[in-house]
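Written out below as structure tokens is the structure these notes cover.
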Amino acid sequence: KNAKMIQLSKPARGAVPLGDDRHETPLEIREAVQTLEKRAIAHVAARHIIEGDVIALDASSTAQAVARDLPNIAVTVVTNSIAVASSLMDRGRVRVFLCGGMMDGPSRSMVGSIAEQFLAKFNIKKAFVSCQGLDLERGLSVTADEHASIKRRMMDLAEKVYVVVDSSKFGVKAVEFFGEIGEVDVIIVDDGVEKNAVDALKGMGVEVEVAAVAR
């Protein structure tokens, strides 16, 4: 409600640079930054996943951290991320469905219309998506339009939308917006987030969970 009045600090050091093009930052670069924060966020997010769930995980490095933290329980995971699927190979009770489509090498994921159509086959209970920027007024954004499209599709299909995002993304506007704050049910963020941002999000009707980072 008061988003226009909120001023957020500049992104923290260690944030992934947006770059000069519309290509996704390679996964190995994204994995190497904010690692403690992503682990803390993933630990909280995994507690929201229960037996019988059908969940969607996007191709973000934070979603991969969620996959690594997921216990070996009877859940169905639908993902466009080759890295997420690989992280779950040793979980025998977890059923994993990897989208078909066009392979995007830098992000190690599948994108495009075929991947988006594949998602519609499932009754997705919870979607866990991340972003390169979270702006209180404009919403969630990424650099590459093909990733914006598949994240948007996950949000549209899910009964409940979780955004798992580290605090360095707050106040950032990337290239393309794919979702508004009001479309999100829960935001899970590390304890580096500013209190005024948390208060603003709660004022907009979003549940916010702050993950304590072990430093």
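Chain labels follow the order of the structure tokens: the first chain is A, the next B, and so on; residue numbering restarts at 1 in every chain, and ligands are counted from 1 in their shown order.
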Using 8 Å as the limit and counting only C-alpha atoms, can you tabulate each residue of range 92-130 of chain A that touches range 71-81 of chain A, with its shortest atom-to-atom distance in Å and the two atoms involved, as JSON lines?
```
{"residue": "A:Gly92", "atom": "CA", "partner": "A:Asn72", "partner_atom": "CA", "distance": 6.8}
{"residue": "A:Arg93", "atom": "CA", "partner": "A:Ala74", "partner_atom": "CA", "distance": 5.0}
{"residue": "A:Val94", "atom": "CA", "partner": "A:Val75", "partner_atom": "CA", "distance": 5.2}
{"residue": "A:Arg95", "atom": "CA", "partner": "A:Thr76", "partner_atom": "CA", "distance": 4.7}
{"residue": "A:Val96", "atom": "CA", "partner": "A:Val77", "partner_atom": "CA", "distance": 4.8}
{"residue": "A:Phe97", "atom": "CA", "partner": "A:Val78", "partner_atom": "CA", "distance": 4.8}
{"residue": "A:Leu98", "atom": "CA", "partner": "A:Thr79", "partner_atom": "CA", "distance": 5.3}
{"residue": "A:Cys99", "atom": "CA", "partner": "A:Asn80", "partner_atom": "CA", "distance": 5.0}
{"residue": "A:Gly100", "atom": "CA", "partner": "A:Asn80", "partner_atom": "CA", "distance": 7.7}
{"residue": "A:Ser107", "atom": "CA", "partner": "A:Ser81", "partner_atom": "CA", "distance": 7.8}
{"residue": "A:Arg108", "atom": "CA", "partner": "A:Ser81", "partner_atom": "CA", "distance": 6.2}
{"residue": "A:Ser109", "atom": "CA", "partner": "A:Ser81", "partner_atom": "CA", "distance": 4.2}
{"residue": "A:Met110", "atom": "CA", "partner": "A:Asn80", "partner_atom": "CA", "distance": 5.0}
{"residue": "A:Val111", "atom": "CA", "partner": "A:Asn80", "partner_atom": "CA", "distance": 7.0}
{"residue": "A:Ala115", "atom": "CA", "partner": "A:Asn80", "partner_atom": "CA", "distance": 7.0}
{"residue": "A:Leu119", "atom": "CA", "partner": "A:Val78", "partner_atom": "CA", "distance": 7.3}
```
Restricting it to N, CA and C atoms, dump the selection as a compact mmCIF listing (two decimals), in the first residue's frame.
```txt
# COMPACT_ATOMS: atom_id res chain seq x y z
N GLY A 92 14.96 -41.38 -3.27
CA GLY A 92 14.15 -42.40 -3.91
C GLY A 92 12.65 -42.19 -3.82
N ARG A 93 12.18 -41.50 -2.79
CA ARG A 93 10.74 -41.30 -2.62
C ARG A 93 10.24 -40.04 -3.32
N VAL A 94 11.15 -39.24 -3.81
CA VAL A 94 10.78 -38.01 -4.50
C VAL A 94 10.65 -38.30 -6.01
N ARG A 95 9.47 -38.06 -6.54
CA ARG A 95 9.28 -38.22 -7.99
C ARG A 95 9.64 -36.90 -8.66
N VAL A 96 10.50 -36.98 -9.67
CA VAL A 96 10.99 -35.78 -10.32
C VAL A 96 10.60 -35.81 -11.79
N PHE A 97 9.97 -34.73 -12.25
CA PHE A 97 9.62 -34.56 -13.65
C PHE A 97 10.37 -33.35 -14.18
N LEU A 98 11.19 -33.58 -15.20
CA LEU A 98 11.97 -32.52 -15.82
C LEU A 98 11.29 -32.10 -17.12
N CYS A 99 11.00 -30.82 -17.23
CA CYS A 99 10.35 -30.30 -18.43
C CYS A 99 11.17 -30.58 -19.68
N GLY A 100 10.49 -30.83 -20.77
CA GLY A 100 11.14 -30.84 -22.06
C GLY A 100 11.29 -29.41 -22.54
N SER A 107 22.06 -21.49 -17.84
CA SER A 107 21.26 -21.72 -16.63
C SER A 107 21.03 -23.21 -16.36
N ARG A 108 21.49 -24.07 -17.29
CA ARG A 108 21.29 -25.52 -17.17
C ARG A 108 19.81 -25.82 -16.96
N SER A 109 19.00 -25.30 -17.85
CA SER A 109 17.55 -25.47 -17.69
C SER A 109 16.87 -25.55 -19.04
N MET A 110 15.59 -25.93 -18.99
CA MET A 110 14.77 -26.03 -20.18
C MET A 110 13.80 -24.86 -20.21
N VAL A 111 13.67 -24.23 -21.37
CA VAL A 111 12.81 -23.06 -21.50
C VAL A 111 11.99 -23.18 -22.79
N ALA A 115 8.34 -26.39 -22.68
CA ALA A 115 8.52 -26.50 -21.23
C ALA A 115 7.31 -25.93 -20.49
N LEU A 119 4.35 -28.03 -17.93
CA LEU A 119 3.96 -27.70 -16.56
C LEU A 119 2.46 -27.85 -16.34
```
Chain A: residues DSSP assigns to strand (DSSP E or B), reported as a PyMOL selection string: chain A and resi 54-57+76-79+81+95-98+102-104+109-111+126-129+133-135+139-142+160-164+170+176-179+186-190+207-211
At a cut-off of 12 Å, using only C-alpha atoms, what residues contact Val206 in chain A? Leave out same-chain residues fewer than 6 positions from it and give the result as an MDAnalysis selection string. chainID A and resid 1 136 160:163 180:188 197:200
For range 51-68 of chain A, list every protein, DNA or RNA residue within 7 Å, evaluated using only C-alpha atoms, and leave out those in the same chain fewer than 2 positions away; present the list as an MDAnalysis selection string. chainID A and resid 27 30:31 38:39 42:43 45:46 49 70 73:81 83:84 87:88 107 109 123:130 151 154 164
Running DSSP on the backbone, which parts of range 19-188 of chain A land in helix (DSSP H, G or I), as a ChimeraX atom specification? /A:27-31,35-46,61-69,82-87,113-119,145-157,167-169,181-183
